[in-house]
file upload.pdb (PDB, C-alpha atoms)
ATOM      1  CA  MET A   1      35.905 133.862 -11.571  1.00  0.00           C
ATOM      2  CA  LEU A   2      38.174 136.893 -12.010  1.00  0.00           C
ATOM      3  CA  GLU A   3      38.653 136.036 -15.678  1.00  0.00           C
ATOM      4  CA  ASN A   4      34.876 135.873 -16.168  1.00  0.00           C
ATOM      5  CA  LEU A   5      34.501 139.330 -14.584  1.00  0.00           C
ATOM      6  CA  LYS A   6      37.218 140.736 -16.848  1.00  0.00           C
ATOM      7  CA  LYS A   7      35.527 139.199 -19.883  1.00  0.00           C
ATOM      8  CA  LEU A   8      32.155 140.648 -18.876  1.00  0.00           C
ATOM      9  CA  ASP A   9      33.780 144.034 -18.263  1.00  0.00           C
ATOM     10  CA  ARG A  10      35.299 143.983 -21.770  1.00  0.00           C
ATOM     11  CA  GLU A  11      31.958 142.999 -23.309  1.00  0.00           C
ATOM     12  CA  TRP A  12      30.134 145.831 -21.520  1.00  0.00           C
ATOM     13  CA  PHE A  13      32.871 148.232 -22.530  1.00  0.00           C
ATOM     14  CA  LEU A  14      32.608 147.272 -26.206  1.00  0.00           C
ATOM     15  CA  ALA A  15      28.806 147.549 -26.101  1.00  0.00           C
ATOM     16  CA  ILE A  16      28.839 151.012 -24.495  1.00  0.00           C
ATOM     17  CA  ASN A  17      31.825 152.294 -26.438  1.00  0.00           C
ATOM     18  CA  GLY A  18      30.289 151.047 -29.683  1.00  0.00           C
ATOM     19  CA  TYR A  19      27.379 153.511 -29.538  1.00  0.00           C
ATOM     20  CA  HIS A  20      28.925 156.523 -31.239  1.00  0.00           C
ATOM     21  CA  SER A  21      27.605 159.342 -33.329  1.00  0.00           C
ATOM     22  CA  PRO A  22      29.057 162.622 -34.579  1.00  0.00           C
ATOM     23  CA  PHE A  23      26.412 164.409 -32.498  1.00  0.00           C
ATOM     24  CA  TRP A  24      27.360 162.812 -29.143  1.00  0.00           C
ATOM     25  CA  ASP A  25      31.153 162.766 -29.523  1.00  0.00           C
ATOM     26  CA  PRO A  26      31.754 166.485 -28.811  1.00  0.00           C
ATOM     27  CA  PHE A  27      29.144 166.421 -26.035  1.00  0.00           C
ATOM     28  CA  MET A  28      30.875 163.521 -24.264  1.00  0.00           C
ATOM     29  CA  ILE A  29      34.281 165.166 -24.690  1.00  0.00           C
ATOM     30  CA  ALA A  30      32.892 168.313 -23.038  1.00  0.00           C
ATOM     31  CA  VAL A  31      31.191 166.383 -20.214  1.00  0.00           C
ATOM     32  CA  SER A  32      34.452 164.607 -19.433  1.00  0.00           C
ATOM     33  CA  ASP A  33      36.483 167.842 -19.399  1.00  0.00           C
ATOM     34  CA  ARG A  34      36.689 169.420 -15.933  1.00  0.00           C
ATOM     35  CA  ARG A  35      36.871 172.903 -17.469  1.00  0.00           C
ATOM     36  CA  PHE A  36      33.416 172.434 -19.012  1.00  0.00           C
ATOM     37  CA  TRP A  37      31.944 172.386 -15.510  1.00  0.00           C
ATOM     38  CA  ILE A  38      33.608 175.629 -14.274  1.00  0.00           C
ATOM     39  CA  PRO A  39      30.403 177.720 -14.649  1.00  0.00           C
ATOM     40  CA  PHE A  40      28.473 175.058 -12.699  1.00  0.00           C
ATOM     41  CA  TYR A  41      31.132 175.039  -9.965  1.00  0.00           C
ATOM     42  CA  ALA A  42      31.123 178.849  -9.809  1.00  0.00           C
ATOM     43  CA  LEU A  43      27.344 178.904  -9.372  1.00  0.00           C
ATOM     44  CA  LEU A  44      27.596 176.193  -6.738  1.00  0.00           C
ATOM     45  CA  VAL A  45      30.234 178.121  -4.785  1.00  0.00           C
ATOM     46  CA  ALA A  46      28.133 181.295  -4.938  1.00  0.00           C
ATOM     47  CA  PHE A  47      25.029 179.402  -3.820  1.00  0.00           C
ATOM     48  CA  LEU A  48      26.815 177.734  -0.880  1.00  0.00           C
ATOM     49  CA  ILE A  49      28.292 181.031   0.298  1.00  0.00           C
ATOM     50  CA  PHE A  50      24.975 182.874  -0.067  1.00  0.00           C
ATOM     51  CA  ARG A  51      22.844 180.165   1.536  1.00  0.00           C
ATOM     52  CA  PHE A  52      25.139 178.748   4.230  1.00  0.00           C
ATOM     53  CA  ARG A  53      27.401 181.719   5.081  1.00  0.00           C
ATOM     54  CA  ARG A  54      29.926 180.587   7.726  1.00  0.00           C
ATOM     55  CA  GLN A  55      29.013 176.950   7.313  1.00  0.00           C
ATOM     56  CA  SER A  56      30.178 177.155   3.688  1.00  0.00           C
ATOM     57  CA  ILE A  57      33.769 177.578   4.940  1.00  0.00           C
ATOM     58  CA  LEU A  58      33.593 174.166   6.569  1.00  0.00           C
ATOM     59  CA  MET A  59      31.809 172.750   3.506  1.00  0.00           C
ATOM     60  CA  PHE A  60      34.599 173.910   1.189  1.00  0.00           C
ATOM     61  CA  MET A  61      37.253 172.453   3.497  1.00  0.00           C
ATOM     62  CA  ILE A  62      35.487 169.075   3.583  1.00  0.00           C
ATOM     63  CA  ILE A  63      34.916 169.081  -0.196  1.00  0.00           C
ATOM     64  CA  ALA A  64      38.608 169.874  -0.786  1.00  0.00           C
ATOM     65  CA  LEU A  65      39.750 167.121   1.596  1.00  0.00           C
ATOM     66  CA  SER A  66      37.396 164.634  -0.042  1.00  0.00           C
ATOM     67  CA  LEU A  67      38.670 165.487  -3.530  1.00  0.00           C
ATOM     68  CA  ILE A  68      42.295 165.261  -2.411  1.00  0.00           C
ATOM     69  CA  ALA A  69      41.621 161.860  -0.841  1.00  0.00           C
ATOM     70  CA  ALA A  70      39.615 160.482  -3.801  1.00  0.00           C
ATOM     71  CA  ASP A  71      42.089 161.678  -6.413  1.00  0.00           C
ATOM     72  CA  GLY A  72      45.153 160.674  -4.385  1.00  0.00           C
ATOM     73  CA  ILE A  73      43.898 157.202  -3.504  1.00  0.00           C
ATOM     74  CA  SER A  74      42.698 156.436  -7.032  1.00  0.00           C
ATOM     75  CA  SER A  75      45.645 157.917  -8.953  1.00  0.00           C
ATOM     76  CA  ARG A  76      48.597 157.388  -6.644  1.00  0.00           C
ATOM     77  CA  ILE A  77      47.708 154.161  -4.826  1.00  0.00           C
ATOM     78  CA  ILE A  78      45.128 152.023  -6.633  1.00  0.00           C
ATOM     79  CA  LYS A  79      46.087 152.644 -10.284  1.00  0.00           C
ATOM     80  CA  PRO A  80      49.786 151.811  -9.813  1.00  0.00           C
ATOM     81  CA  TYR A  81      48.971 148.852  -7.541  1.00  0.00           C
ATOM     82  CA  PHE A  82      46.559 147.111  -9.935  1.00  0.00           C
ATOM     83  CA  ALA A  83      48.288 148.390 -13.106  1.00  0.00           C
ATOM     84  CA  ARG A  84      45.263 147.576 -15.263  1.00  0.00           C
ATOM     85  CA  LEU A  85      45.683 149.095 -18.705  1.00  0.00           C
ATOM     86  CA  ARG A  86      43.088 151.534 -19.957  1.00  0.00           C
ATOM     87  CA  PRO A  87      41.108 150.123 -22.892  1.00  0.00           C
ATOM     88  CA  CYS A  88      42.786 152.643 -25.186  1.00  0.00           C
ATOM     89  CA  HIS A  89      46.205 151.210 -24.197  1.00  0.00           C
ATOM     90  CA  ASP A  90      45.090 147.579 -24.559  1.00  0.00           C
ATOM     91  CA  SER A  91      46.512 146.334 -27.879  1.00  0.00           C
ATOM     92  CA  SER A  92      43.900 143.541 -28.096  1.00  0.00           C
ATOM     93  CA  LEU A  93      41.174 146.217 -28.334  1.00  0.00           C
ATOM     94  CA  SER A  94      42.910 148.530 -30.808  1.00  0.00           C
ATOM     95  CA  GLU A  95      40.863 147.282 -33.768  1.00  0.00           C
ATOM     96  CA  THR A  96      37.474 147.579 -32.050  1.00  0.00           C
ATOM     97  CA  ILE A  97      37.728 150.620 -29.789  1.00  0.00           C
ATOM     98  CA  ASN A  98      36.211 153.983 -30.639  1.00  0.00           C
ATOM     99  CA  LEU A  99      38.753 156.404 -29.227  1.00  0.00           C
ATOM    100  CA  VAL A 100      37.130 159.818 -29.535  1.00  0.00           C
ATOM    101  CA  ALA A 101      39.757 162.012 -27.871  1.00  0.00           C
ATOM    102  CA  GLY A 102      43.122 161.400 -26.172  1.00  0.00           C
ATOM    103  CA  CYS A 103      43.775 158.337 -24.067  1.00  0.00           C
ATOM    104  CA  GLY A 104      45.224 159.661 -20.814  1.00  0.00           C
ATOM    105  CA  GLY A 105      47.556 157.812 -18.482  1.00  0.00           C
ATOM    106  CA  LYS A 106      48.534 154.188 -18.886  1.00  0.00           C
ATOM    107  CA  PHE A 107      46.398 152.673 -16.120  1.00  0.00           C
ATOM    108  CA  GLY A 108      42.653 152.943 -15.680  1.00  0.00           C
ATOM    109  CA  PHE A 109      41.524 151.058 -12.585  1.00  0.00           C
ATOM    110  CA  LEU A 110      39.969 152.916 -10.962  1.00  0.00           C
ATOM    111  CA  SER A 111      38.514 156.009 -12.572  1.00  0.00           C
ATOM    112  CA  SER A 112      39.507 159.231 -10.820  1.00  0.00           C
ATOM    113  CA  HIS A 113      36.704 161.083 -12.624  1.00  0.00           C
ATOM    114  CA  ALA A 114      34.170 158.661 -11.144  1.00  0.00           C
ATOM    115  CA  ALA A 115      35.759 158.750  -7.682  1.00  0.00           C
ATOM    116  CA  ASN A 116      35.811 162.553  -7.596  1.00  0.00           C
ATOM    117  CA  SER A 117      32.330 163.144  -8.979  1.00  0.00           C
ATOM    118  CA  PHE A 118      30.609 160.460  -6.880  1.00  0.00           C
ATOM    119  CA  GLY A 119      32.518 161.662  -3.825  1.00  0.00           C
ATOM    120  CA  ILE A 120      31.119 165.161  -4.354  1.00  0.00           C
ATOM    121  CA  ALA A 121      27.621 163.768  -4.982  1.00  0.00           C
ATOM    122  CA  MET A 122      27.701 161.757  -1.759  1.00  0.00           C
ATOM    123  CA  LEU A 123      29.004 164.744   0.153  1.00  0.00           C
ATOM    124  CA  PHE A 124      26.093 166.865  -1.036  1.00  0.00           C
ATOM    125  CA  ALA A 125      23.744 164.124   0.128  1.00  0.00           C
ATOM    126  CA  PHE A 126      25.216 164.781   3.596  1.00  0.00           C
ATOM    127  CA  LEU A 127      25.813 168.517   3.441  1.00  0.00           C
ATOM    128  CA  LEU A 128      22.482 169.757   2.154  1.00  0.00           C
ATOM    129  CA  PRO A 129      19.182 169.632   4.022  1.00  0.00           C
ATOM    130  CA  GLU A 130      16.382 167.374   2.775  1.00  0.00           C
ATOM    131  CA  ARG A 131      14.585 170.225   0.997  1.00  0.00           C
ATOM    132  CA  TYR A 132      17.378 170.113  -1.629  1.00  0.00           C
ATOM    133  CA  ARG A 133      16.577 166.500  -2.582  1.00  0.00           C
ATOM    134  CA  TYR A 134      16.181 167.358  -6.285  1.00  0.00           C
ATOM    135  CA  PHE A 135      19.624 168.927  -6.333  1.00  0.00           C
ATOM    136  CA  LYS A 136      20.986 165.830  -4.584  1.00  0.00           C
ATOM    137  CA  ILE A 137      19.459 163.664  -7.320  1.00  0.00           C
ATOM    138  CA  PHE A 138      20.916 166.020  -9.941  1.00  0.00           C
ATOM    139  CA  VAL A 139      24.488 165.657  -8.611  1.00  0.00           C
ATOM    140  CA  PHE A 140      24.227 161.855  -8.691  1.00  0.00           C
ATOM    141  CA  VAL A 141      22.970 162.022 -12.293  1.00  0.00           C
ATOM    142  CA  TRP A 142      25.828 164.454 -13.039  1.00  0.00           C
ATOM    143  CA  ALA A 143      28.352 161.987 -11.554  1.00  0.00           C
ATOM    144  CA  ALA A 144      26.841 159.112 -13.556  1.00  0.00           C
ATOM    145  CA  LEU A 145      26.989 161.149 -16.782  1.00  0.00           C
ATOM    146  CA  ILE A 146      30.655 162.000 -16.237  1.00  0.00           C
ATOM    147  CA  SER A 147      31.396 158.345 -15.482  1.00  0.00           C
ATOM    148  CA  TYR A 148      29.495 157.141 -18.544  1.00  0.00           C
ATOM    149  CA  SER A 149      31.414 159.605 -20.715  1.00  0.00           C
ATOM    150  CA  ARG A 150      34.676 157.953 -19.686  1.00  0.00           C
ATOM    151  CA  ILE A 151      33.509 154.608 -21.107  1.00  0.00           C
ATOM    152  CA  TYR A 152      31.997 156.241 -24.201  1.00  0.00           C
ATOM    153  CA  LEU A 153      35.311 157.996 -24.918  1.00  0.00           C
ATOM    154  CA  GLY A 154      37.227 154.710 -24.676  1.00  0.00           C
ATOM    155  CA  VAL A 155      39.411 155.560 -21.687  1.00  0.00           C
ATOM    156  CA  HIS A 156      37.836 153.362 -18.969  1.00  0.00           C
ATOM    157  CA  PHE A 157      36.228 149.981 -18.608  1.00  0.00           C
ATOM    158  CA  PRO A 158      32.869 149.862 -16.768  1.00  0.00           C
ATOM    159  CA  GLY A 159      34.643 148.146 -13.850  1.00  0.00           C
ATOM    160  CA  ASP A 160      37.032 151.121 -13.578  1.00  0.00           C
ATOM    161  CA  VAL A 161      34.064 153.460 -13.335  1.00  0.00           C
ATOM    162  CA  LEU A 162      32.155 151.285 -10.856  1.00  0.00           C
ATOM    163  CA  GLY A 163      35.252 150.974  -8.677  1.00  0.00           C
ATOM    164  CA  GLY A 164      35.770 154.744  -8.798  1.00  0.00           C
ATOM    165  CA  ALA A 165      32.122 155.369  -7.962  1.00  0.00           C
ATOM    166  CA  PHE A 166      32.354 153.012  -4.990  1.00  0.00           C
ATOM    167  CA  LEU A 167      35.510 154.708  -3.681  1.00  0.00           C
ATOM    168  CA  GLY A 168      33.939 158.145  -4.124  1.00  0.00           C
ATOM    169  CA  ILE A 169      30.728 157.164  -2.324  1.00  0.00           C
ATOM    170  CA  VAL A 170      32.650 155.654   0.596  1.00  0.00           C
ATOM    171  CA  LEU A 171      34.903 158.710   0.904  1.00  0.00           C
ATOM    172  CA  GLY A 172      31.952 161.079   0.535  1.00  0.00           C
ATOM    173  CA  TRP A 173      30.178 159.222   3.317  1.00  0.00           C
ATOM    174  CA  ILE A 174      33.265 159.328   5.591  1.00  0.00           C
ATOM    175  CA  PHE A 175      33.859 163.036   4.978  1.00  0.00           C
ATOM    176  CA  GLY A 176      30.128 163.720   5.355  1.00  0.00           C
ATOM    177  CA  LEU A 177      30.240 162.143   8.814  1.00  0.00           C
ATOM    178  CA  LEU A 178      33.334 164.209   9.600  1.00  0.00           C
ATOM    179  CA  PHE A 179      31.477 167.348   8.502  1.00  0.00           C
ATOM    180  CA  ARG A 180      28.598 166.583  10.875  1.00  0.00           C
ATOM    181  CA  LYS A 181      30.987 165.956  13.779  1.00  0.00           C
ATOM    182  CA  LEU A 182      32.859 169.186  13.104  1.00  0.00           C
ATOM    183  CA  LEU A 183      29.579 171.131  13.058  1.00  0.00           C
ATOM    184  CA  VAL A 184      28.797 169.831  16.533  1.00  0.00           C
ATOM    185  CA  ARG A 185      32.305 170.468  17.819  1.00  0.00           C
ATOM    186  CA  TYR A 186      32.606 173.960  16.323  1.00  0.00           C
ATOM    187  CA  PRO A 187      29.183 175.660  16.584  1.00  0.00           C
ATOM    188  CA  TYR A 188      30.649 178.810  14.999  1.00  0.00           C
ATOM    189  CA  PHE A 189      30.155 177.134  11.628  1.00  0.00           C
ATOM    190  CA  SER A 190      26.499 176.322  12.234  1.00  0.00           C
ATOM    191  CA  VAL A 191      23.970 178.305  10.268  1.00  0.00           C
TER     192      VAL A 191
END
call {"tool": "encode", "arguments": {"input": "upload.pdb", "output": "structure tokens"}}
result
Amino acid sequence: MLENLKKLDREWFLAINGYHSPFWDPFMIAVSDRRFWIPFYALLVAFLIFRFRRQSILMFMIIALSLIAADGISSRIIKPYFARLRPCHDSSLSETINLVAGCGGKFGFLSSHAANSFGIAMLFAFLLPERYRYFKIFVFVWAALISYSRIYLGVHFPGDVLGGAFLGIVLGWIFGLLFRKLLVRYPYFSV
């Protein structure tokens, strides 16, 4: 069964990674680069401070803790434990892979990009009131785009990305619950 899943994962990877064009390559490189999103993050920080005032302090603390947990668990625990090579380090794929930019570390399961971005998306599903539902949808699309870019660039299998997304959603949910409990316990942070 595990071998069938690995085979399916490789087939999906080759199908997704095989769709390349000179137009999309630089776009996917940019989407995958954390620095590309700095203006978006700056606007988000300004919005949270302006809209939520004191509550934004608690939001930033929870977001930071969630990112530390997602990145630490994926990079320092799961990747070394499973030791699954990234597609770009897999010699059996060297003839068929479209490696657009650098490869990154040796191991790929699970994707830290996916864990971090889906963790943030899930947190915003908790942190923001219902009237921001379109923004909540946007951050999930944003997380999916970042995750897709990792497969397109040849640095992760789809299973790496799905595993990272799952970890991020679970951690976002846990830290979202923590945020709600802290708001009740410390009313100073309530809006």
call {"tool": "resolve_selection", "arguments": {"input": "upload.pdb", "expression": "the PyMOL selection byres ((chain A and resi 109) around 9)", "output": "ChimeraX atom specification"}}
result
/A:74-75,78-80,82-86,107-108,110-112,156-157,159-161,163-164
call {"tool": "closest_residue", "arguments": {"input": "upload.pdb", "among": "A:Leu183, A:Ala114, A:Leu177, A:Leu48", "to": "Leu162 (chain A)", "atoms": "all atoms listed in the file"}}
result
A:Ala114
call {"tool": "resolve_selection", "arguments": {"input": "upload.pdb", "expression": "the PyMOL selection byres ((chain A and resi 127-131) around 12)", "output": "ChimeraX atom specification"}}
result
/A:47-48,51-52,55-56,58-60,62-63,120-126,132-137,139,172-173,175-183,190-191
call {"tool": "closest_residue", "arguments": {"input": "upload.pdb", "among": "A:Phe40, A:Phe13, A:Phe27, A:Tyr188", "to": "Leu145 (chain A)", "atoms": "all atoms listed in the file"}}
result
A:Phe27
call {"tool": "atom_distance", "arguments": {"input": "upload.pdb", "atom1": "CA of Ile97 (chain A)", "atom2": "CA of Phe166 (chain A)"}}
result
25.5 Å
call {"tool": "closest_residue", "arguments": {"input": "upload.pdb", "among": "A:His113, A:Arg53, A:Arg34, A:His20", "to": "Leu99 (chain A)", "atoms": "all atoms listed in the file"}}
result
A:His20
call {"tool": "closest_residue", "arguments": {"input": "upload.pdb", "among": "A:Ile77, A:Leu5, A:Ile16, A:Ile29", "to": "Thr96 (chain A)", "atoms": "all atoms listed in the file"}}
result
A:Ile16
call {"tool": "closest_residue", "arguments": {"input": "upload.pdb", "among": "A:Arg185, A:Ile57, A:Gly102, A:Leu167", "to": "Asp33 (chain A)", "atoms": "only C-alpha atoms"}}
result
A:Gly102
call {"tool": "atom_distance", "arguments": {"input": "upload.pdb", "atom1": "CA of Ser21 (chain A)", "atom2": "CA of Ala165 (chain A)"}}
result
26.1 Å
call {"tool": "atom_distance", "arguments": {"input": "upload.pdb", "atom1": "CA of Ser117 (chain A)", "atom2": "CA of Ala143 (chain A)"}}
result
4.9 Å
call {"tool": "axis_aligned_box", "arguments": {"input": "upload.pdb", "around": "region 170-175 of chain A", "padding_each_side": "5 Å", "output": "AutoDock Vina command-line options"}}
result
--center_x 32.5 --center_y 159.3 --center_z 3.1 --size_x 14.7 --size_y 17.4 --size_z 15.1
call {"tool": "resolve_selection", "arguments": {"input": "upload.pdb", "expression": "the PyMOL selection byres ((chain A and resi 154) around 9)", "output": "list in words"}}
result
Phe13, Leu14, Asn17, Arg86, Pro87, Cys88, Ile97, Asn98, Leu99, Val100, Ala101, Cys103, Ser149, Arg150, Ile151, Tyr152, Leu153, Val155, His156 and Phe157 of chain A
call {"tool": "closest_residue", "arguments": {"input": "upload.pdb", "among": "A:Arg54, A:Tyr148, A:Ser66, A:Pro22", "to": "Tyr186 (chain A)", "atoms": "all atoms listed in the file"}}
result
A:Arg54
